[in-house]
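Asker: My file is my_file39.txt. It has compact mmCIF, C-alpha atoms:
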```txt
# COMPACT_ATOMS: atom_id res chain seq x y z
CA MET A 1 -22.06 14.95 -5.59
CA LYS A 2 -19.09 12.76 -4.68
CA THR A 3 -18.77 12.25 -0.93
CA THR A 4 -15.19 13.48 -1.05
CA GLU A 5 -16.37 16.77 -2.58
CA GLN A 6 -19.20 17.42 -0.15
CA SER A 7 -18.93 20.41 2.14
CA SER A 8 -17.16 19.90 5.46
CA LEU A 9 -19.29 19.24 8.51
CA TYR A 10 -17.47 22.21 10.06
CA ASP A 11 -17.55 25.85 9.02
CA HIS A 12 -15.73 29.06 9.88
CA LEU A 13 -12.48 27.13 10.20
CA ASP A 14 -10.58 30.37 9.87
CA LYS A 15 -12.20 31.59 13.09
CA MET A 16 -11.36 28.48 15.13
CA GLY A 17 -8.57 28.31 17.70
CA THR A 18 -5.70 25.84 17.35
CA LEU A 19 -7.01 23.31 19.86
CA ASP A 20 -10.49 23.43 18.37
CA ILE A 21 -9.04 22.74 14.91
CA LEU A 22 -6.95 19.83 16.17
CA GLU A 23 -9.81 18.28 18.15
CA ALA A 24 -12.13 18.52 15.14
CA ILE A 25 -9.56 16.94 12.81
CA ASN A 26 -9.05 14.15 15.32
CA ALA A 27 -12.81 13.60 15.60
CA GLU A 28 -13.00 13.17 11.83
CA ASP A 29 -9.92 10.92 11.72
CA ARG A 30 -11.54 8.51 14.19
CA LYS A 31 -14.15 7.71 11.53
CA VAL A 32 -11.53 6.23 9.19
CA PRO A 33 -10.90 2.82 10.83
CA ASP A 34 -14.61 1.99 10.79
CA ALA A 35 -14.83 2.87 7.10
CA VAL A 36 -11.84 0.64 6.37
CA ALA A 37 -13.30 -2.19 8.47
CA ALA A 38 -16.40 -2.19 6.28
CA ALA A 39 -14.16 -2.81 3.25
CA ILE A 40 -12.33 -5.83 4.73
CA PRO A 41 -14.27 -8.46 2.69
CA ALA A 42 -13.18 -6.77 -0.55
CA ILE A 43 -9.61 -6.33 0.71
CA GLY A 44 -9.57 -10.03 1.59
CA GLN A 45 -10.77 -10.98 -1.88
CA LEU A 46 -7.91 -9.00 -3.40
CA VAL A 47 -5.29 -10.51 -1.09
CA GLU A 48 -6.45 -14.01 -1.98
CA GLY A 49 -6.06 -13.18 -5.65
CA ILE A 50 -2.60 -11.73 -5.10
CA VAL A 51 -1.25 -14.70 -3.12
CA GLU A 52 -2.42 -17.05 -5.87
CA ARG A 53 -0.60 -15.05 -8.53
CA ILE A 54 2.73 -14.00 -7.00
CA PRO A 55 4.10 -17.59 -6.77
CA LEU A 56 3.40 -17.86 -10.50
CA GLY A 57 5.60 -14.84 -11.20
CA GLY A 58 2.94 -12.19 -10.73
CA ARG A 59 3.51 -8.69 -9.46
CA VAL A 60 1.30 -6.04 -7.88
CA PHE A 61 1.24 -2.59 -9.48
CA TYR A 62 -0.13 0.42 -7.66
CA CYS A 63 -1.35 3.19 -9.97
CA GLY A 64 -2.54 6.59 -8.76
CA ALA A 65 -2.37 10.35 -9.10
CA GLY A 66 -1.40 13.00 -6.57
CA THR A 67 -1.64 11.86 -2.95
CA SER A 68 -3.01 8.48 -4.04
CA GLY A 69 -0.04 7.85 -6.31
CA ARG A 70 2.46 8.88 -3.65
CA LEU A 71 0.90 6.52 -1.10
CA GLY A 72 1.19 3.64 -3.55
CA ILE A 73 4.85 4.39 -4.17
CA VAL A 74 5.56 4.57 -0.43
CA ASP A 75 3.90 1.23 0.26
CA ALA A 76 5.61 -0.51 -2.65
CA SER A 77 9.04 0.91 -1.79
CA GLU A 78 8.92 -0.57 1.72
CA ILE A 79 8.36 -4.19 0.66
CA LEU A 80 11.99 -4.93 -0.22
CA PRO A 81 13.58 -3.68 3.04
CA THR A 82 10.79 -5.11 5.20
CA TYR A 83 10.31 -8.52 3.58
CA GLY A 84 13.34 -9.00 1.32
CA VAL A 85 11.12 -9.26 -1.76
CA ASP A 86 12.22 -7.26 -4.80
CA ASN A 87 10.23 -6.17 -7.87
CA THR A 88 6.98 -7.64 -6.59
CA PHE A 89 5.13 -4.50 -5.47
CA ILE A 90 5.68 -1.58 -7.85
CA GLY A 91 4.24 1.92 -7.54
CA LEU A 92 3.54 4.25 -10.46
CA MET A 93 1.95 7.68 -10.47
CA ALA A 94 0.67 10.21 -12.95
CA GLY A 95 3.47 12.54 -13.95
CA GLY A 96 6.25 10.05 -13.19
CA ASP A 97 8.90 10.26 -10.49
CA GLN A 98 9.08 14.06 -10.65
CA ALA A 99 5.47 14.16 -9.44
CA ILE A 100 6.45 12.52 -6.14
CA ARG A 101 7.69 15.90 -4.88
CA HIS A 102 6.03 18.40 -7.19
CA ALA A 103 2.57 18.45 -8.74
CA VAL A 104 2.58 17.88 -12.50
CA GLU A 105 -0.29 19.86 -13.95
CA GLY A 106 -2.84 17.84 -15.90
CA ALA A 107 -1.02 14.52 -15.46
CA GLU A 108 -4.00 12.73 -13.94
CA ASP A 109 -6.24 13.77 -16.84
CA ALA A 110 -4.33 11.68 -19.42
CA SER A 111 -6.58 8.63 -19.75
CA GLU A 112 -4.13 6.54 -21.82
CA GLN A 113 -0.93 7.41 -19.96
CA GLY A 114 -1.41 4.99 -17.04
CA TRP A 115 -1.41 1.97 -19.34
CA LYS A 116 1.52 3.41 -21.31
CA ASP A 117 3.51 3.78 -18.07
CA LEU A 118 2.96 0.07 -17.37
CA GLN A 119 4.22 -1.18 -20.74
CA PRO A 120 7.95 -1.47 -19.82
CA TYR A 121 7.03 -4.19 -17.30
CA SER A 122 5.95 -6.88 -19.82
CA LEU A 123 2.62 -7.47 -18.12
CA GLY A 124 0.99 -10.89 -17.97
CA PRO A 125 -2.13 -12.62 -16.62
CA HIS A 126 -0.52 -13.28 -13.23
CA ASP A 127 -0.04 -9.56 -12.57
CA THR A 128 -2.41 -7.37 -10.54
CA LEU A 129 -3.19 -3.68 -10.97
CA VAL A 130 -4.53 -1.72 -8.00
CA GLY A 131 -5.85 1.68 -9.04
CA ILE A 132 -5.92 4.25 -6.24
CA SER A 133 -8.19 7.26 -6.57
CA ALA A 134 -9.99 9.01 -3.73
CA SER A 135 -12.51 10.53 -6.13
CA GLY A 136 -12.70 7.32 -8.13
CA SER A 137 -12.64 9.26 -11.37
CA ALA A 138 -9.00 10.13 -12.16
CA PRO A 139 -8.72 9.39 -15.92
CA TYR A 140 -5.11 8.19 -15.50
CA VAL A 141 -6.34 5.46 -13.13
CA VAL A 142 -9.63 4.64 -14.87
CA GLY A 143 -7.90 4.23 -18.22
CA ALA A 144 -5.20 2.00 -16.78
CA LEU A 145 -7.76 -0.23 -15.07
CA LYS A 146 -9.84 -0.61 -18.24
CA ALA A 147 -6.81 -1.59 -20.31
CA ALA A 148 -5.41 -3.91 -17.63
CA ARG A 149 -8.68 -5.76 -17.25
CA ALA A 150 -8.96 -6.17 -21.02
CA ALA A 151 -5.41 -7.58 -21.01
CA GLY A 152 -6.31 -10.23 -18.44
CA LEU A 153 -4.77 -8.77 -15.29
CA LEU A 154 -6.55 -8.94 -11.94
CA THR A 155 -7.80 -5.41 -11.28
CA ALA A 156 -8.77 -3.67 -8.05
CA ALA A 157 -9.61 -0.12 -7.05
CA VAL A 158 -9.13 1.73 -3.77
CA THR A 159 -11.50 4.69 -3.55
CA ASN A 160 -13.75 6.67 -1.22
CA ASN A 161 -16.76 7.12 -3.48
CA PRO A 162 -19.21 4.27 -4.08
CA GLY A 163 -20.46 4.05 -7.65
CA SER A 164 -17.49 6.02 -9.01
CA PRO A 165 -15.93 5.04 -12.37
CA VAL A 166 -13.12 2.95 -10.86
CA THR A 167 -15.67 0.77 -9.07
CA GLU A 168 -17.33 0.09 -12.42
CA VAL A 169 -14.15 -1.02 -14.23
CA ALA A 170 -12.24 -2.87 -11.47
CA GLN A 171 -12.99 -6.50 -10.66
CA VAL A 172 -12.44 -5.87 -6.93
CA PRO A 173 -13.70 -2.43 -5.85
CA ILE A 174 -12.53 -1.44 -2.35
CA VAL A 175 -14.54 1.50 -1.05
CA ALA A 176 -13.89 3.27 2.25
CA GLU A 177 -16.66 5.81 2.78
CA VAL A 178 -14.94 8.23 5.12
CA GLY A 179 -17.33 11.13 4.52
CA PRO A 180 -16.60 14.78 3.78
CA GLU A 181 -13.14 16.07 4.62
CA PHE A 182 -12.52 18.55 7.47
CA VAL A 183 -11.26 21.01 4.87
CA THR A 184 -13.71 20.57 2.00
CA GLY A 185 -12.21 18.44 -0.78
CA SER A 186 -8.81 17.98 0.90
CA THR A 187 -8.52 14.26 0.22
CA ARG A 188 -4.97 14.06 1.55
CA MET A 189 -6.68 13.92 4.95
CA LYS A 190 -9.23 11.17 5.75
CA ALA A 191 -9.25 9.73 2.24
CA GLY A 192 -5.45 9.57 2.21
CA THR A 193 -5.38 7.97 5.65
CA SER A 194 -7.84 5.29 4.56
CA ALA A 195 -5.77 4.52 1.45
CA LYS A 196 -2.61 4.22 3.55
CA LEU A 197 -4.33 1.76 5.91
CA ILE A 198 -5.76 -0.31 3.05
CA LEU A 199 -2.45 -0.54 1.17
CA ASN A 200 -0.70 -1.58 4.40
CA MET A 201 -3.29 -4.33 4.79
CA ILE A 202 -2.96 -5.54 1.20
CA SER A 203 0.84 -5.78 1.19
CA THR A 204 1.28 -6.97 4.78
CA ALA A 205 -1.37 -9.70 4.55
CA SER A 206 0.07 -10.83 1.22
CA MET A 207 3.61 -11.07 2.58
CA ILE A 208 2.44 -12.98 5.67
CA ARG A 209 0.43 -15.41 3.55
CA LEU A 210 3.45 -15.94 1.27
CA GLY A 211 5.68 -16.95 4.19
CA HIS A 212 7.80 -13.85 4.77
CA VAL A 213 6.77 -13.67 8.44
CA GLN A 214 7.42 -16.42 10.98
CA GLY A 215 5.49 -16.11 14.21
CA ASN A 216 5.32 -12.34 14.29
CA LYS A 217 8.85 -11.66 12.99
CA MET A 218 10.05 -10.13 9.69
CA VAL A 219 12.56 -12.91 9.11
CA ASP A 220 13.49 -11.79 5.57
CA MET A 221 14.07 -8.09 6.31
CA GLN A 222 17.17 -6.42 4.90
CA LEU A 223 19.93 -5.32 7.27
CA THR A 224 20.12 -1.75 6.02
CA ASN A 225 21.06 -0.01 9.29
CA GLN A 226 22.24 -0.72 12.83
CA LYS A 227 18.70 -0.62 14.23
CA LEU A 228 17.71 -3.49 11.96
CA VAL A 229 20.89 -5.43 12.72
CA ASP A 230 20.04 -5.13 16.41
CA ARG A 231 16.44 -6.18 15.76
CA GLY A 232 17.59 -9.15 13.70
CA THR A 233 20.09 -10.17 16.37
CA ARG A 234 17.37 -10.27 19.00
CA MET A 235 15.10 -12.24 16.66
CA ILE A 236 17.85 -14.84 16.35
CA MET A 237 18.30 -14.99 20.10
CA ASP A 238 14.57 -15.47 20.48
CA GLY A 239 14.39 -18.10 17.72
CA THR A 240 17.41 -20.17 18.71
CA GLY A 241 17.79 -19.78 22.43
CA ILE A 242 21.26 -18.22 22.00
CA THR A 243 21.90 -15.97 24.99
CA ASP A 244 25.15 -14.39 23.77
CA TYR A 245 24.26 -11.21 21.85
CA ASP A 246 27.60 -11.02 20.04
CA LYS A 247 27.34 -14.64 18.92
CA ALA A 248 23.83 -14.07 17.56
CA ARG A 249 24.94 -10.88 15.80
CA GLU A 250 27.89 -12.63 14.17
CA LEU A 251 25.57 -15.40 12.99
CA LEU A 252 23.19 -12.84 11.49
CA LEU A 253 25.92 -10.95 9.65
CA ARG A 254 27.43 -14.16 8.32
CA HIS A 255 24.15 -15.38 6.80
CA GLY A 256 22.65 -12.03 5.79
CA HIS A 257 19.16 -12.34 7.22
CA VAL A 258 17.29 -13.84 10.13
CA ARG A 259 15.68 -16.81 8.37
CA ALA A 260 18.95 -18.17 6.98
CA ALA A 261 20.81 -17.60 10.26
CA VAL A 262 18.19 -19.41 12.37
CA GLU A 263 17.91 -22.32 9.92
CA ALA A 264 21.70 -22.71 9.73
CA TYR A 265 22.03 -22.71 13.51
CA LEU A 266 19.20 -25.17 14.10
CA ASN A 267 20.48 -27.49 11.35
CA SER A 268 23.90 -27.54 12.99
CA LYS A 269 22.54 -28.79 16.28
```
Could you write out this structure as structure tokens?
Answerer:
Amino acid sequence: MKTTEQSSLYDHLDKMGTLDILEAINAEDRKVPDAVAAAIPAIGQLVEGIVERIPLGGRVFYCGAGTSGRLGIVDASEILPTYGVDNTFIGLMAGGDQAIRHAVEGAEDASEQGWKDLQPYSLGPHDTLVGISASGSAPYVVGALKAARAAGLLTAAVTNNPGSPVTEVAQVPIVAEVGPEFVTGSTRMKAGTSAKLILNMISTASMIRLGHVQGNKMVDMQLTNQKLVDRGTRMIMDGTGITDYDKARELLLRHGHVRAAVEAYLNSK
């Protein structure tokens, strides 16, 4: 039986008090970071492959169903505002955009649909497909990985079940063995948390390696709200030695992002 389908280590949940439920969930959640840590060598292998390919025009596609698909879309959607990089990380899920909010019955069972959903993107050998499936057996994901690998893409899988179909078809299987869920089979819990952590690691490490972070600052972030304008202003003050907040803010707004503002100021000295 798949680990993610095994019976919870807890029983009679319906008889437990609120604090007992919360403490038990938290006890299970604490197992997730160790499971992710064990997968770091595989995550590192994938990141190395990605940072070789993106400068050549490659992109990273996340492909999943249900919770897994939604997590991929969330991670991909945050790359542009955080790092100023557009159309590099792209999330797709079984059932299309409508499935982000509402379950689309049977969508994950269509084994050829994942590859069909990728066709508008004119895929090439510098692209990467990361299939996300807690069970490791979603036909939508397995089918997409098989076709992508045959087409010459770099393929990786994020799953919670060793030996599952996605680990057989992906070149880089990433397995976080988080154990049975607190509520039996509810993979939006520990399995979902592990996928969120792994996707954060993949995208963040890739963006750092590709130069979109200087020191520890997001120097290419978009100025989409006042909080980020304030953050960018303080980054400029820190990076240039400017002590006048208004001067640093004006410099940021004139150049559009932190990197350009700091470079322009330092080049003018």
Asker: If we count all atoms listed in the file, what is near range 13-19 of chain A at a cut-off of 12 Å, once residues fewer than 4 positions away on the same chain are taken out, given as a PDB file with C-alpha atoms, in the coordinates of the input?
Answerer:
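Done, and the output landed in part.pdb:
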```
ATOM      1  CA  SER A   8     -17.160  19.900   5.460  1.00  0.00           C
ATOM      2  CA  LEU A   9     -19.290  19.240   8.510  1.00  0.00           C
ATOM      3  CA  GLU A  23      -9.810  18.280  18.150  1.00  0.00           C
ATOM      4  CA  ALA A  24     -12.130  18.520  15.140  1.00  0.00           C
ATOM      5  CA  ILE A  25      -9.560  16.940  12.810  1.00  0.00           C
ATOM      6  CA  ASN A  26      -9.050  14.150  15.320  1.00  0.00           C
ATOM      7  CA  PHE A 182     -12.520  18.550   7.470  1.00  0.00           C
ATOM      8  CA  VAL A 183     -11.260  21.010   4.870  1.00  0.00           C
ATOM      9  CA  THR A 184     -13.710  20.570   2.000  1.00  0.00           C
TER      10      THR A 184
END
```
Asker: Could you list, as a short mmCIF file (atom, residue, chain, number, x, y, z; two decimals) with C-alpha atoms, keeping the file's coordinate frame, every residue within 10 Å of Thr240 in chain A, counting only C-alpha atoms and ignoring same-chain residues fewer than 2 positions away?
Answerer:
```cif
data_model
loop_
_atom_site.label_atom_id
_atom_site.label_comp_id
_atom_site.auth_asym_id
_atom_site.auth_seq_id
_atom_site.Cartn_x
_atom_site.Cartn_y
_atom_site.Cartn_z
CA ARG A 234 17.37 -10.27 19.00
CA MET A 235 15.10 -12.24 16.66
CA ILE A 236 17.85 -14.84 16.35
CA MET A 237 18.30 -14.99 20.10
CA ASP A 238 14.57 -15.47 20.48
CA ILE A 242 21.26 -18.22 22.00
CA THR A 243 21.90 -15.97 24.99
CA ALA A 248 23.83 -14.07 17.56
CA ALA A 261 20.81 -17.60 10.26
CA VAL A 262 18.19 -19.41 12.37
CA GLU A 263 17.91 -22.32 9.92
CA TYR A 265 22.03 -22.71 13.51
CA LEU A 266 19.20 -25.17 14.10
#
```
Asker: Hey, can you check how far CA of Ala65 in chain A sits from CA of Ala138 in chain A?
Answerer: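 Interatomic distance here is 7.3 Å.
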Asker: For the interface of range 25-71 of chain A with range 82-87 of chain A (cut-off 10 Å, counting all atoms listed in the file), please tabulate each contacting residue of range 25-71 of chain A alongside its nearest pair of atoms and their separation in Å to one decimal, rows sorted by chain and increasing number, as JSON lines.
Answerer:
```
{"residue": "A:Gly58", "atom": "CA", "partner": "A:Asn87", "partner_atom": "CA", "distance": 9.9}
{"residue": "A:Arg59", "atom": "CA", "partner": "A:Asn87", "partner_atom": "CA", "distance": 7.4}
{"residue": "A:Val60", "atom": "CA", "partner": "A:Asn87", "partner_atom": "CA", "distance": 8.9}
{"residue": "A:Phe61", "atom": "CA", "partner": "A:Asn87", "partner_atom": "CA", "distance": 9.8}
```
Asker: Write out as an NGL selection string which residues come within 10 Å of Ala151 in chain A when counting only C-alpha atoms, dropping same-chain ones fewer than 3 positions away.
Answerer: :A and (123-125 or 145-148 or 154)
Asker: Extending 3 Å beyond the listed atoms of range 89-101 of chain A on each side, what axis-aligned box results? I want centre and edge lengths in Å to one decimal, as AutoDock Vina command-line options.
Answerer:
```
--center_x 4.9 --center_y 5.7 --center_z -9.4 --size_x 14.4 --size_y 26.4 --size_z 15.1
```
